[in-house]
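Some notes on the structure that comes next.
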Amino acid sequence: MKKRNRLKKNEDFQKVFKRGTSMANRQFVLYTLDQPQQEELRVGLSVSKKIGNAVVRNRVKRLIRQAVQEEKELLKPKDFIIIARKPAADLSFEETKKSLQHLFRKTSLYKKSSSK
């Protein structure tokens, strides 16, 4: 994922947490914030130490990044933060992608032209 598509700074995270809306399923929590002047989506990831050791956390982050990368063209240009919950550590890539797609649909993050 390119640098311009990442949320890194604490102030960016805090803005999304304070002004954004949230939606959750069993594996992930998704915070979204509409940024009308923005042309591209930006993603922040949060995977706490409760999920597992560094190897497990990095694997979860890689799976999330890849799932978002594959859906990127279909998503609206917003800021969003994905927080992994404990069950996310046991998911395969397909399950991770399906779970995130479920959240994207629930929060209507998909562009209108999408057939999903």
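Just so we're on the same page: first chain in the structure tokens is A, next is B, and so on; residues restart at 1 for each chain, and ligands are numbered from 1 in the order they show up.
Counting only C-alpha atoms, region 61-65 of chain A has the following residues at most 9 Å away, ignoring those fewer than 3 positions along the same chain: A:Met1, A:Val43, A:Leu45, A:Ser46, A:Val47, A:Val56, A:Arg57, A:Asn58, A:Val68, A:Gln69, A:Glu70, A:Ile82, A:Ala84, A:Ser92, A:Phe93, A:Thr96, A:Lys97, A:Leu100.
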Write out, as a short mmCIF file (atom, residue, chain, number, x, y, z; two decimals), in the first residue's frame, the residues just selected, with N, CA and C atoms.
```
data_model
loop_
_atom_site.label_atom_id
_atom_site.label_comp_id
_atom_site.auth_asym_id
_atom_site.auth_seq_id
_atom_site.Cartn_x
_atom_site.Cartn_y
_atom_site.Cartn_z
N MET A 1 0.84 -1.18 0.00
CA MET A 1 0.00 0.00 0.00
C MET A 1 0.89 1.25 0.00
N VAL A 43 -5.95 4.37 4.90
CA VAL A 43 -6.24 3.30 5.83
C VAL A 43 -5.26 3.32 6.99
N LEU A 45 -4.26 0.94 10.47
CA LEU A 45 -4.45 -0.38 11.07
C LEU A 45 -4.06 -0.35 12.54
N SER A 46 -4.82 -1.08 13.34
CA SER A 46 -4.48 -1.23 14.74
C SER A 46 -4.65 -2.70 15.12
N VAL A 47 -3.53 -3.31 15.49
CA VAL A 47 -3.54 -4.71 15.91
C VAL A 47 -2.81 -4.76 17.24
N VAL A 56 2.31 -13.04 14.68
CA VAL A 56 0.86 -13.12 14.45
C VAL A 56 0.30 -11.75 14.07
N ARG A 57 0.71 -10.73 14.79
CA ARG A 57 0.20 -9.37 14.51
C ARG A 57 0.59 -8.92 13.12
N ASN A 58 1.83 -9.16 12.72
CA ASN A 58 2.27 -8.77 11.38
C ASN A 58 1.54 -9.55 10.29
N VAL A 68 -7.60 -5.03 1.57
CA VAL A 68 -7.95 -3.65 1.22
C VAL A 68 -7.39 -3.30 -0.15
N GLN A 69 -6.19 -3.75 -0.44
CA GLN A 69 -5.57 -3.48 -1.75
C GLN A 69 -6.44 -4.04 -2.88
N GLU A 70 -6.97 -5.23 -2.69
CA GLU A 70 -7.80 -5.85 -3.72
C GLU A 70 -9.15 -5.15 -3.89
N ILE A 82 -9.01 0.24 10.67
CA ILE A 82 -9.44 -1.13 10.91
C ILE A 82 -8.74 -1.61 12.17
N ALA A 84 -8.24 -4.82 14.59
CA ALA A 84 -8.40 -6.28 14.62
C ALA A 84 -8.79 -6.73 16.02
N SER A 92 -8.01 -17.13 7.72
CA SER A 92 -7.23 -17.25 6.48
C SER A 92 -7.44 -15.95 5.70
N PHE A 93 -6.74 -15.83 4.57
CA PHE A 93 -6.90 -14.62 3.75
C PHE A 93 -8.33 -14.49 3.24
N THR A 96 -10.58 -13.35 6.01
CA THR A 96 -10.30 -11.95 6.34
C THR A 96 -10.96 -11.03 5.32
N LYS A 97 -10.79 -11.35 4.05
CA LYS A 97 -11.35 -10.53 2.98
C LYS A 97 -12.88 -10.50 3.06
N LEU A 100 -14.00 -8.32 5.99
CA LEU A 100 -13.85 -6.89 5.69
C LEU A 100 -14.87 -6.43 4.65
#
```
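When CA of Ile51 (chain A) is paired with CA of Pro87 (chain A), their separation reads 8.0 Å.
Pairwise distance (CA of Arg85 (chain A), CA of Phe28 (chain A)) equals 5.4 Å.
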Practice task
Quick one: pick out all alpha helix (DSSP H) residues within region 16-112 of chain A from a backbone DSSP run and write them as a PyMOL selection string.
Solution key: chain A and resi 16-19+54-71+93-106
Problem - Contacts of Pro77 (chain A) at 10 Å (only C-alpha atoms; same-chain gap of 4+ positions) as a list in words - result: Asn5, Leu33, Asp34, Gln35, Pro36, Gln37, Gln38, Glu39, Glu40, Leu41, Arg42, Lys72, Glu73, Leu109, Tyr110 and Lys111 of chain A
Exercise for the section: Give me the residues within 8 Å of region 8-24 of chain A as number ranges by chain, counting only C-alpha atoms and dropping any in the same chain fewer than 2 places off. Expected result: A: 6, 26-34, 44, 79-81, 103, 106-107
Could you save those same residues with N, CA and C atoms as a CSV table (one decimal), in the first residue's frame?
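Listed below is the output, result-v3.csv:
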```csv
chain,number,residue,atom,x,y,z
A,6,ARG,N,-2.0,5.7,3.5
A,6,ARG,CA,-1.9,5.2,4.9
A,6,ARG,C,-2.2,6.3,5.9
A,26,ARG,N,-17.5,-9.6,14.3
A,26,ARG,CA,-16.8,-10.4,15.3
A,26,ARG,C,-15.2,-10.2,15.2
A,27,GLN,N,-14.7,-10.0,14.0
A,27,GLN,CA,-13.3,-10.0,13.8
A,27,GLN,C,-12.7,-8.6,13.8
A,28,PHE,N,-13.4,-7.6,13.3
A,28,PHE,CA,-12.9,-6.3,13.1
A,28,PHE,C,-13.8,-5.2,13.6
A,29,VAL,N,-13.2,-4.0,13.9
A,29,VAL,CA,-14.0,-2.8,14.1
A,29,VAL,C,-13.5,-1.8,13.0
A,30,LEU,N,-14.5,-1.2,12.4
A,30,LEU,CA,-14.1,-0.3,11.3
A,30,LEU,C,-14.6,1.1,11.6
A,31,TYR,N,-13.7,2.1,11.7
A,31,TYR,CA,-14.1,3.5,11.9
A,31,TYR,C,-13.9,4.2,10.5
A,32,THR,N,-14.9,5.0,10.1
A,32,THR,CA,-14.8,5.7,8.9
A,32,THR,C,-15.1,7.2,9.1
A,33,LEU,N,-14.4,8.0,8.3
A,33,LEU,CA,-14.6,9.5,8.3
A,33,LEU,C,-14.6,10.0,6.9
A,34,ASP,N,-15.6,10.7,6.5
A,34,ASP,CA,-15.7,11.2,5.2
A,34,ASP,C,-14.9,12.5,5.1
A,44,GLY,N,-5.8,3.2,8.2
A,44,GLY,CA,-5.0,3.0,9.4
A,44,GLY,C,-5.3,1.6,10.0
A,79,ASP,N,-11.2,8.3,4.9
A,79,ASP,CA,-10.3,7.8,5.9
A,79,ASP,C,-11.0,6.7,6.7
A,80,PHE,N,-10.3,5.6,6.8
A,80,PHE,CA,-10.8,4.6,7.7
A,80,PHE,C,-9.7,3.8,8.5
A,81,ILE,N,-10.1,3.4,9.7
A,81,ILE,CA,-9.2,2.6,10.6
A,81,ILE,C,-9.8,1.3,10.8
A,103,LEU,N,-18.0,-5.7,6.4
A,103,LEU,CA,-18.0,-4.3,7.1
A,103,LEU,C,-18.1,-3.2,6.1
A,106,LYS,N,-21.7,-2.9,5.1
A,106,LYS,CA,-22.5,-2.4,6.2
A,106,LYS,C,-22.4,-0.9,6.4
A,107,THR,N,-21.2,-0.4,6.1
A,107,THR,CA,-20.9,1.0,6.2
A,107,THR,C,-21.0,1.8,4.9
```
Problem - Nearest to Ser48 (chain A), chosen from A:Leu7, A:Leu74, A:Ile83, A:Ala67, with only C-alpha atoms counted in the distances - result: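 Closest to Ser48 (chain A) of all the choices is A:Ile83.
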